[in-house]
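Enquirer: There's a structure below that I have some questions on.
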Amino acid sequence: MLYDRIFAGALLVLSGLTAWTAYHFDVPFQYEPLGPKAFPIILSIVLAICSVRLIVKPDANAWLPNKEILIKIVSGLVLMVVYAFLFEEVGFIVATTIVGAIFSWLFGEKPLKSFLYALALSLVSYYLLADLMELNVPTGLLFGDL
């Protein structure tokens with residue numbers, strides 16, 4: 001219960017920082033239908049609601065993270081930093097496939113299934129973001145002409 005509340009409190013702070021940063025975006029022109037502020041603000045609102053719910057009503061079990069779980073958590077944080085650096089350079093599809101496959105493998109899936117799942121996820125996500133929502137998603141060097 002304590003770890004749930006600590007985690008939820010950290011996520012609540014993160015949601016506030018995300019909303020504050022997104023609110024202060026200053027763009028000279030709007031290159032997307034919703035603009036660059038909408039998506040991060042919507043995500044921060046959802047994250048804040050989930051965090052408050054977890055603070056008010058944490059999980060009933062008395063789970064304590066062991067060494068293996070802590071290594072997975074730290075690995076996940078490192079992967080997200082790597083994703084941020086890869087995102088612009090190699091593009092959404094490649095970066096999401098690499099990071100998604102590693103995440104899936106970290107949590108017990110076989111390497112081939114991890115890769116195939118991550119590839120399908122990245123392709124479907126790219127289509128949803130770029131074509132349906134008309135967001136500017138980086139294609140990277142490999143798929144520069146998509």
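Chain labels A, B, ... are given in the sequence in which chains occur in the structure tokens; within each chain residues are numbered consecutively from 1, and ligands are likewise numbered from 1 in the order shown.
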Could you list, with a cut-off of 10 Å and counting only C-alpha atoms, the residues of range 42-76 of chain A near range 19-22 of chain A, each shown with its nearest atom pair and the distance in Å rounded to one decimal, rows sorted by chain and ascending number, as JSON lines?

Expert:
{"residue": "A:Ile42", "atom": "CA", "partner": "A:Ala19", "partner_atom": "CA", "distance": 8.3}
{"residue": "A:Leu43", "atom": "CA", "partner": "A:Ala19", "partner_atom": "CA", "distance": 8.4}
{"residue": "A:Ser44", "atom": "CA", "partner": "A:Ala19", "partner_atom": "CA", "distance": 5.7}
{"residue": "A:Ile45", "atom": "CA", "partner": "A:Ala19", "partner_atom": "CA", "distance": 7.7}
{"residue": "A:Ala48", "atom": "CA", "partner": "A:Ala19", "partner_atom": "CA", "distance": 9.8}

Enquirer: Excluding Leu47 in chain A and its own-chain neighbours fewer than 5 positions away, which residues fall within 10 Å of it when counting only C-alpha atoms? Please give them as a ChimeraX atom specification.

Expert: /A:8,11-16,18,41-42,52-53

Enquirer: Using only C-alpha atoms, which residue out of A:Val137, A:Ala95, A:Leu119, A:Leu77 lies closest to Pro36 in chain A?

Expert: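 Of the candidates, the smallest distance to Pro36 in chain A is held by A:Val137.
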
Enquirer: Kindly indicate which residue among A:Ser122, A:Leu135, A:Glu109, A:Ala62 lies nearest to Ala38 in chain A, using only C-alpha atoms for the distances.

Expert: A:Leu135

Enquirer: Leaving out Pro65 in chain A and any residue of its chain fewer than 6 positions from it, which residues lie within 10 Å of it when counting only C-alpha atoms, given as a compact mmCIF listing (two decimals) with N, CA and C atoms, in the first residue's frame?

Expert:
# COMPACT_ATOMS: atom_id res chain seq x y z
N TYR A 3 3.99 1.59 -1.11
CA TYR A 3 4.65 1.76 -2.40
C TYR A 3 3.69 2.27 -3.46
N ILE A 71 15.31 -4.19 -10.73
CA ILE A 71 16.15 -4.17 -11.94
C ILE A 71 15.29 -3.92 -13.18
N ILE A 73 12.43 -2.31 -13.25
CA ILE A 73 11.96 -0.92 -13.19
C ILE A 73 13.05 0.04 -13.67

Enquirer: With distances taken over only C-alpha atoms, which residue among A:Leu141, A:Leu86, A:Phe39, A:His24 lies nearest Leu129 in chain A?

Expert: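 Under the stated criterion, the closest residue is A:Phe39.
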
Enquirer: So which one's closest to Leu121 in chain A, A:Leu17, A:Met133, A:Leu64, A:Val94? Using only C-alpha atoms, please.

Expert: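 Checking each of A:Leu17, A:Met133, A:Leu64, A:Val94 against Leu121 in chain A, counting only C-alpha atoms, the winner is A:Val94.
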
Enquirer: Ranking A:Asn136, A:Pro40, A:Ile55, A:Ser125 by minimum distance to Ala10 in chain A and counting only C-alpha atoms, which one comes first?

Expert: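 Smallest separation from Ala10 in chain A among the options: A:Ile55.
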
Enquirer: Just list the residues in range 22-143 of chain A DSSP gives helix (DSSP H, G or I) on the backbone, as an MDAnalysis selection string.

Expert: chainID A and resid 22:23 38:56 67:90 92:106 111:132

Enquirer: Using CA of Phe25 in chain A and CA of Gly100 in chain A as the two end points, give the distance in Å to one decimal.

Expert: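 Straight-line distance from CA of Phe25 in chain A to CA of Gly100 in chain A works out to 28.4 Å.
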
Enquirer: Can you work out the spacing between CA of Trp63 in chain A and CA of Met1 in chain A in Å, to one decimal?

Expert: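 Distance reported for this atom pair: 7.6 Å.
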
Enquirer: Which of these residues is nearest to Gly108 in chain A, using only C-alpha atoms: A:Lys72, A:Gly9, A:Leu54, A:Asn61?

Expert: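 Looking only at the distances to Gly108 in chain A, the closest residue turns out to be A:Lys72.
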